[in-house]
Number of protein chains: 4
Amino acid sequence: MSLSNYQKKVDKWANQYKTPYWQPHEILARITEETGELARLINHIYGPKKKKSSEDEQELGEELSDIIFAVVCMANSHDINLDEAFDRVIDKAYGRDNERYEKK
Amino acid sequence: MSLSNYQKKVDKWANQYKTPYWQPHEILARITEETGELARLINHIYGPKKKKSSEDEQELGEELSDIIFAVVCMANSHDINLDEAFDRVIDKAYGRDNERYEKK
Amino acid sequence: MSLSNYQKKVDKWANQYKTPYWQPHEILARITEETGELARLINHIYGPKKKKSSEDEQELGEELSDIIFAVVCMANSHDINLDEAFDRVIDKAYGRDNERYEKK
Amino acid sequence: MSLSNYQKKVDKWANQYKTPYWQPHEILARITEETGELARLINHIYGPKKKKSSEDEQELGEELSDIIFAVVCMANSHDINLDEAFDRVIDKAYGRDNERYEKK
């Protein structure tokens, strides 16, 4: 399923509601909140107390997806096609940034 | 193209390098940095000075994709399948959170 | 009490422990986490559901102080004098940035 | 100089302007942006490429102070006394969290 399809899936969910999408600053605050939850989890798994558990990977997948969900809401509320934008970012990685790190 | 395919695309890029993926805390710092760049752009477009320009949408798409790129790096370095994780998050949105906002 | 005094107060607390300060990336992750908690509170007070309560101001003060606490830990673990650094930032605000906004 | 005095110093600067303080979500976005700049610097100093320079400490002090500056703006725009709030956070550190880490 493409990012565009994810965008449609989120849009279908959002359009159940009177106000499908929040204001840009409110969605941004949500992305900040989700990034904060990822930070807490990373400190929990790899930080000073290093408590690895078997559920870490599942939890990490969901925190990462929570960020993507909020990012998709921001894109949808601006009619942005993420497949196109992501392709530009991949191109940028192969272009400008390609020699930034030591190659194999 | 599915998120899994994006993951493969990023993995192909990353595997050119001696150290394909950074440490978890380093990738987290990158996600934080990219979220900060999105915040600057949102304040630029919608904040106190509100300077709309025709390039805002394109720039916004790229900032959002930069976040997804870093999120995909974290997922890849943990062998996490984002399609599965994202589906769980969509299910959660339809489940626990579904009555959270006023419906149409 | 000056920021330097706050730094000493935090240092006294931290020095009870075997490892008084975490690694820089770990403290950064904590600042990110605390910023995320502030974001959740701001969305709670001013966001889509706008639920004002009498405890908001107290809670906001503590979230802001949690951020300062983590920032002070980063400064302490690098022997940075925040009074001096903050004065440079104030000077910068009066200098370079002083004409950025419309004056009274 | 106490945090309250810093608050007065920032307030004096802010009150030159027609709109002394931004909206809460806008100040939050600024805190997020400044946290992102700190993240970039921490990855620069301690991350994959580890380029230490003699100016790191000064730069780090200013990034930390930029965060405090934005936090002080949020406090000022809500008439929050940070000295009181910070003292509650120190008390919390000595209370609830005091046994969280291994002591000397």
# chains A, B, ... in the order shown; residues from 1 in each chain; ligands from 1
$ interface_residues --of "chain D" --to "chain A" --cutoff "10 Å" --atoms "only C-alpha atoms" --output "compact mmCIF listing (two decimals) with N, CA, C and O atoms, in the first residue's frame"
# COMPACT_ATOMS: atom_id res chain seq x y z
N PRO D 24 0.06 30.81 22.50
CA PRO D 24 0.69 29.63 23.13
C PRO D 24 1.21 28.59 22.12
O PRO D 24 2.34 28.11 22.26
N HIS D 25 0.40 28.26 21.11
CA HIS D 25 0.87 27.26 20.13
C HIS D 25 2.08 27.77 19.34
O HIS D 25 2.92 26.98 18.91
N GLU D 26 2.16 29.07 19.15
CA GLU D 26 3.30 29.63 18.42
C GLU D 26 4.57 29.59 19.28
O GLU D 26 5.65 29.29 18.78
N LEU D 28 5.05 27.43 21.69
CA LEU D 28 5.37 26.00 21.73
C LEU D 28 6.18 25.60 20.50
O LEU D 28 7.18 24.87 20.60
N ALA D 29 5.74 26.06 19.33
CA ALA D 29 6.45 25.72 18.09
C ALA D 29 7.89 26.24 18.16
O ALA D 29 8.82 25.59 17.69
N THR D 32 9.86 23.92 20.29
CA THR D 32 10.14 22.72 19.47
C THR D 32 11.28 22.99 18.50
O THR D 32 12.16 22.14 18.31
N PRO D 48 27.35 10.55 14.79
CA PRO D 48 28.13 9.65 13.93
C PRO D 48 29.47 10.24 13.47
O PRO D 48 30.40 9.49 13.22
N LYS D 49 29.56 11.56 13.36
CA LYS D 49 30.79 12.11 12.82
C LYS D 49 31.72 12.75 13.87
O LYS D 49 32.86 13.06 13.60
N ARG D 100 15.07 6.60 42.43
CA ARG D 100 14.97 6.02 41.10
C ARG D 100 16.32 5.48 40.59
O ARG D 100 16.36 4.53 39.84
N TYR D 101 17.42 6.11 40.99
CA TYR D 101 18.73 5.69 40.48
C TYR D 101 19.61 5.22 41.62
O TYR D 101 19.39 5.56 42.79
$ select_by_dssp --residues "chain C" --states "alpha helix (DSSP H)" --output "ChimeraX atom specification"
/C:3-14,24-46,56-76,82-94
$ closest_residue --among "B:Ile90, B:Ala39, B:Ile67, B:Val72" --to "Ile27 in chain A" --atoms "only C-alpha atoms"
B:Ala39
$ residues_around --residues "Ser4 in chain B" --least-positions-apart "3" --cutoff "7 Å" --atoms "only C-alpha atoms" --output "ChimeraX atom specification"
/B:7-8,81-83
$ residues_around --residues "Glu34 in chain C" --least-positions-apart "2" --cutoff "12 Å" --atoms "only C-alpha atoms" --output "number ranges by chain"
A: 32-40; C: 27-32, 36-41, 60, 62-71; D: 28, 31-32, 35, 71
$ closest_residue --among "A:Gln23, A:Tyr6, A:Ile45, A:Ala93" --to "Glu57 in chain A" --atoms "only C-alpha atoms"
A:Ile45
$ residues_around --residues "Ile80 in chain B" --least-positions-apart "2" --cutoff "8 Å" --atoms "only C-alpha atoms" --output "list in words"
Glu57, Gln58 and Gly61 of chain A; Ala75, Asn76, Ser77, His78, Leu82 and Ala85 of chain B
$ write_last_selection --atoms "N, CA and C atoms" --output "short mmCIF file (atom, residue, chain, number, x, y, z; two decimals), in the first residue's frame"
data_model
loop_
_atom_site.label_atom_id
_atom_site.label_comp_id
_atom_site.auth_asym_id
_atom_site.auth_seq_id
_atom_site.Cartn_x
_atom_site.Cartn_y
_atom_site.Cartn_z
N GLU A 57 9.95 -4.04 20.56
CA GLU A 57 9.90 -3.85 19.12
C GLU A 57 8.48 -3.48 18.66
N GLN A 58 7.50 -4.16 19.24
CA GLN A 58 6.12 -3.85 18.89
C GLN A 58 5.76 -2.41 19.30
N GLY A 61 7.42 0.09 17.02
CA GLY A 61 6.69 0.17 15.75
C GLY A 61 5.47 1.06 15.86
N ALA B 75 12.93 2.47 12.02
CA ALA B 75 12.24 1.19 11.82
C ALA B 75 13.18 0.16 11.19
N ASN B 76 13.88 0.57 10.14
CA ASN B 76 14.78 -0.37 9.45
C ASN B 76 15.86 -0.92 10.37
N SER B 77 16.42 -0.03 11.20
CA SER B 77 17.51 -0.48 12.07
C SER B 77 17.01 -1.41 13.17
N HIS B 78 15.69 -1.57 13.27
CA HIS B 78 15.10 -2.50 14.24
C HIS B 78 14.30 -3.61 13.57
N LEU B 82 6.69 -1.49 9.01
CA LEU B 82 5.82 -0.33 9.29
C LEU B 82 4.40 -0.53 8.77
N ALA B 85 2.68 -2.22 11.61
CA ALA B 85 2.54 -1.32 12.76
C ALA B 85 1.53 -0.21 12.46
#
$ atom_distance --atom1 "CA of Cys73 in chain B" --atom2 "CA of Met74 in chain C"
26.4 Å
$ atom_distance --atom1 "CA of Ile42 in chain D" --atom2 "CA of Gly95 in chain C"
26.4 Å
$ atom_distance --atom1 "CA of Val89 in chain B" --atom2 "CA of Glu59 in chain A"
10.9 Å
$ closest_residue --among "B:Glu84, B:Asp79, B:Glu55, B:Glu102" --to "Gln16 in chain A" --atoms "only C-alpha atoms"
B:Glu102
